[in-house]
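Okay, so here's the structure we're looking at.
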Amino acid sequence: MIVATFEPLARRRLLVLAGTGLVAALAGCRSTDILPVEDDLAQLQTEGALPIVNTLRAKKGLSTLSKNPAAESAAVVQAKRMARAGKMAHLIGVNDSFLDRMKATQVPLPAAENIATGQDSVDRAVQAWIDSKKHLENMLGGYNGLGVAVARDPSSANRPYWAMVLSA
């Protein structure tokens with residue numbers, strides 16, 4: 001009888017120790033997920049960029065852009081790729097191709113892509129593109145659609161990586 005009385009107590013202690021060990025082991029792990037990954041956030045970034053870009057285009061006598069879901073998808077893909085790689089680059093990997101990425105997300109061609117890193121808001125990302133001659137040329141180009149996304153790199157204090165895709 002005494003053994004039976006102590007057995008549940010010993011078992012409980014063993015389970016508590018095992019649980020504590022599991023928690024300690026998991027505490028040392030770090031997530032490799034790139035944040036954010038929801039399409040809703042990409043839409044919010046596009047909605048924030050559209051008025052800025054369209055005001056700029058209107059001042060130049062150009063037509064306004066509209067939110068393009070395919071361009072948004074392409075922007076999400078590129079922002080996440082850069083965050084995963086921990087670097088800002090249009091091409092990541094040996095076999096990377098801008099045209100292939102646009103086709104994979106069904107972006108109407110022609111298309112262009114602006115990228116940035118470090119800006120803490122969509123307003124600042126768009127301003128960085130405005131301040132760059134080549135990026136500004138893209139935003140003032142003969143495009144109709146727009147998609148903007150951001151992804152963060154958790155291994156570098158959630159550094160933001162921005163992508164803007166302009167489409168026909």
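Chain lettering (A, B, ...) mirrors the order of the structure tokens, residue numbering begins at 1 for each chain separately, and ligand numbering begins at 1 in order of display.
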- Polymer residues at most 10 Å from Leu65 of chain A, only C-alpha atoms, same-chain spacing of 3 or more positions, as a list in words: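 Selected residues are Leu50, Pro51, Val53, Asn54, Arg57, Leu62, Asn68, Met139, Leu140, Gly142, Tyr143, Asn144, Gly145, Leu146, Gly147, Leu166, Ser167 and Ala168 of chain A.
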- Message: Can you tell me which residues surround Tyr161 of chain A at a distance of at most 8 Å, considering only C-alpha atoms, apart from same-chain residues fewer than 2 positions away, and format the answer as a ChimeraX atom specification?
- Response: /A:79-80,82-83,88,115-118,150-153,159,163
- Task: Please measure the separation of atom CA of Ala112 of chain A and atom CA of Glu72 of chain A, giving the value in Å to one decimal.
- Result: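 Computed distance, atom CA of Ala112 of chain A to atom CA of Glu72 of chain A, equals 12.5 Å.
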- Item | Nearest-residue call for Ser73 of chain A, choices A:Met164, A:Val122, A:Ile92, A:His135, using only C-alpha atoms |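 The closest residue to Ser73 of chain A is A:Met164.
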- Mind listing the alpha helix (DSSP H) residues of segment 79-154 of chain A, per DSSP on the backbone, as a ChimeraX atom specification? /A:79-85,98-104,122-130,133-139
Since we have the selection now, will you write its residues out, keeping N, CA and C atoms, as a PDB file, in the first residue's frame?
ATOM      1  N   ALA A  79       8.589  40.442 -50.487  1.00  0.00           N
ATOM      2  CA  ALA A  79       8.919  40.933 -49.145  1.00  0.00           C
ATOM      3  C   ALA A  79       9.302  39.768 -48.232  1.00  0.00           C
ATOM      4  N   LYS A  80       8.548  38.680 -48.303  1.00  0.00           N
ATOM      5  CA  LYS A  80       8.855  37.510 -47.477  1.00  0.00           C
ATOM      6  C   LYS A  80      10.180  36.872 -47.884  1.00  0.00           C
ATOM      7  N   ARG A  81      10.466  36.829 -49.172  1.00  0.00           N
ATOM      8  CA  ARG A  81      11.734  36.244 -49.644  1.00  0.00           C
ATOM      9  C   ARG A  81      12.923  37.046 -49.115  1.00  0.00           C
ATOM     10  N   MET A  82      12.819  38.364 -49.177  1.00  0.00           N
ATOM     11  CA  MET A  82      13.919  39.202 -48.689  1.00  0.00           C
ATOM     12  C   MET A  82      14.095  39.040 -47.182  1.00  0.00           C
ATOM     13  N   ALA A  83      12.980  39.006 -46.446  1.00  0.00           N
ATOM     14  CA  ALA A  83      13.072  38.852 -44.996  1.00  0.00           C
ATOM     15  C   ALA A  83      13.694  37.506 -44.630  1.00  0.00           C
ATOM     16  N   ARG A  84      13.292  36.457 -45.320  1.00  0.00           N
ATOM     17  CA  ARG A  84      13.879  35.134 -45.054  1.00  0.00           C
ATOM     18  C   ARG A  84      15.377  35.121 -45.342  1.00  0.00           C
ATOM     19  N   ALA A  85      15.775  35.787 -46.418  1.00  0.00           N
ATOM     20  CA  ALA A  85      17.191  35.828 -46.806  1.00  0.00           C
ATOM     21  C   ALA A  85      17.979  36.825 -45.956  1.00  0.00           C
ATOM     22  N   PHE A  98      12.809  37.744 -62.162  1.00  0.00           N
ATOM     23  CA  PHE A  98      11.701  38.668 -61.939  1.00  0.00           C
ATOM     24  C   PHE A  98      10.502  38.278 -62.797  1.00  0.00           C
ATOM     25  N   LEU A  99      10.743  37.994 -64.063  1.00  0.00           N
ATOM     26  CA  LEU A  99       9.661  37.635 -64.978  1.00  0.00           C
ATOM     27  C   LEU A  99       8.940  36.373 -64.512  1.00  0.00           C
ATOM     28  N   ASP A 100       9.692  35.372 -64.075  1.00  0.00           N
ATOM     29  CA  ASP A 100       9.072  34.134 -63.582  1.00  0.00           C
ATOM     30  C   ASP A 100       8.218  34.396 -62.345  1.00  0.00           C
ATOM     31  N   ARG A 101       8.690  35.260 -61.443  1.00  0.00           N
ATOM     32  CA  ARG A 101       7.902  35.582 -60.246  1.00  0.00           C
ATOM     33  C   ARG A 101       6.609  36.290 -60.626  1.00  0.00           C
ATOM     34  N   MET A 102       6.681  37.205 -61.597  1.00  0.00           N
ATOM     35  CA  MET A 102       5.479  37.925 -62.017  1.00  0.00           C
ATOM     36  C   MET A 102       4.482  36.961 -62.670  1.00  0.00           C
ATOM     37  N   LYS A 103       4.984  36.070 -63.501  1.00  0.00           N
ATOM     38  CA  LYS A 103       4.103  35.089 -64.149  1.00  0.00           C
ATOM     39  C   LYS A 103       3.477  34.150 -63.124  1.00  0.00           C
ATOM     40  N   ALA A 104       4.256  33.735 -62.120  1.00  0.00           N
ATOM     41  CA  ALA A 104       3.760  32.799 -61.104  1.00  0.00           C
ATOM     42  C   ALA A 104       2.609  33.392 -60.296  1.00  0.00           C
ATOM     43  N   VAL A 122       4.671  52.590 -44.127  1.00  0.00           N
ATOM     44  CA  VAL A 122       4.485  52.615 -45.576  1.00  0.00           C
ATOM     45  C   VAL A 122       4.775  54.016 -46.120  1.00  0.00           C
ATOM     46  N   ASP A 123       4.413  55.053 -45.363  1.00  0.00           N
ATOM     47  CA  ASP A 123       4.694  56.428 -45.798  1.00  0.00           C
ATOM     48  C   ASP A 123       6.192  56.641 -46.010  1.00  0.00           C
ATOM     49  N   ARG A 124       6.989  56.139 -45.078  1.00  0.00           N
ATOM     50  CA  ARG A 124       8.445  56.320 -45.181  1.00  0.00           C
ATOM     51  C   ARG A 124       9.035  55.473 -46.301  1.00  0.00           C
ATOM     52  N   ALA A 125       8.478  54.283 -46.504  1.00  0.00           N
ATOM     53  CA  ALA A 125       8.969  53.443 -47.608  1.00  0.00           C
ATOM     54  C   ALA A 125       8.688  54.127 -48.943  1.00  0.00           C
ATOM     55  N   VAL A 126       7.464  54.634 -49.115  1.00  0.00           N
ATOM     56  CA  VAL A 126       7.115  55.316 -50.365  1.00  0.00           C
ATOM     57  C   VAL A 126       7.979  56.567 -50.539  1.00  0.00           C
ATOM     58  N   GLN A 127       8.219  57.299 -49.461  1.00  0.00           N
ATOM     59  CA  GLN A 127       9.066  58.496 -49.560  1.00  0.00           C
ATOM     60  C   GLN A 127      10.487  58.126 -49.991  1.00  0.00           C
ATOM     61  N   ALA A 128      11.004  57.013 -49.495  1.00  0.00           N
ATOM     62  CA  ALA A 128      12.342  56.561 -49.914  1.00  0.00           C
ATOM     63  C   ALA A 128      12.357  56.283 -51.412  1.00  0.00           C
ATOM     64  N   TRP A 129      11.284  55.705 -51.937  1.00  0.00           N
ATOM     65  CA  TRP A 129      11.201  55.443 -53.377  1.00  0.00           C
ATOM     66  C   TRP A 129      11.066  56.751 -54.166  1.00  0.00           C
ATOM     67  N   ILE A 130      10.321  57.702 -53.630  1.00  0.00           N
ATOM     68  CA  ILE A 130      10.185  59.002 -54.295  1.00  0.00           C
ATOM     69  C   ILE A 130      11.551  59.691 -54.381  1.00  0.00           C
ATOM     70  N   LYS A 133      15.680  58.312 -57.939  1.00  0.00           N
ATOM     71  CA  LYS A 133      15.299  58.596 -59.329  1.00  0.00           C
ATOM     72  C   LYS A 133      14.699  57.376 -60.032  1.00  0.00           C
ATOM     73  N   LYS A 134      15.354  56.233 -59.963  1.00  0.00           N
ATOM     74  CA  LYS A 134      14.883  55.034 -60.669  1.00  0.00           C
ATOM     75  C   LYS A 134      13.545  54.545 -60.103  1.00  0.00           C
ATOM     76  N   HIS A 135      13.419  54.552 -58.764  1.00  0.00           N
ATOM     77  CA  HIS A 135      12.161  54.114 -58.151  1.00  0.00           C
ATOM     78  C   HIS A 135      11.023  55.081 -58.494  1.00  0.00           C
ATOM     79  N   LEU A 136      11.347  56.369 -58.512  1.00  0.00           N
ATOM     80  CA  LEU A 136      10.350  57.371 -58.886  1.00  0.00           C
ATOM     81  C   LEU A 136       9.890  57.153 -60.325  1.00  0.00           C
ATOM     82  N   GLU A 137      10.826  56.866 -61.222  1.00  0.00           N
ATOM     83  CA  GLU A 137      10.469  56.572 -62.617  1.00  0.00           C
ATOM     84  C   GLU A 137       9.497  55.397 -62.688  1.00  0.00           C
ATOM     85  N   ASN A 138       9.731  54.370 -61.875  1.00  0.00           N
ATOM     86  CA  ASN A 138       8.801  53.232 -61.851  1.00  0.00           C
ATOM     87  C   ASN A 138       7.405  53.681 -61.435  1.00  0.00           C
ATOM     88  N   MET A 139       7.317  54.486 -60.376  1.00  0.00           N
ATOM     89  CA  MET A 139       6.010  54.920 -59.877  1.00  0.00           C
ATOM     90  C   MET A 139       5.297  55.851 -60.850  1.00  0.00           C
TER      91      MET A 139
END
- Query: If you run DSSP on the backbone, which residues of segment 60-164 of chain A are strand (DSSP E or B), as an NGL selection string?
  - Reply: :A and (66-67 or 111-117 or 145-153 or 159-164)
- What is the distance, in Å and to one decimal place, between atom CA of Ser63 of chain A and atom CA of Ser97 of chain A?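 Taking atom CA of Ser63 of chain A and atom CA of Ser97 of chain A, their separation equals 28.9 Å.
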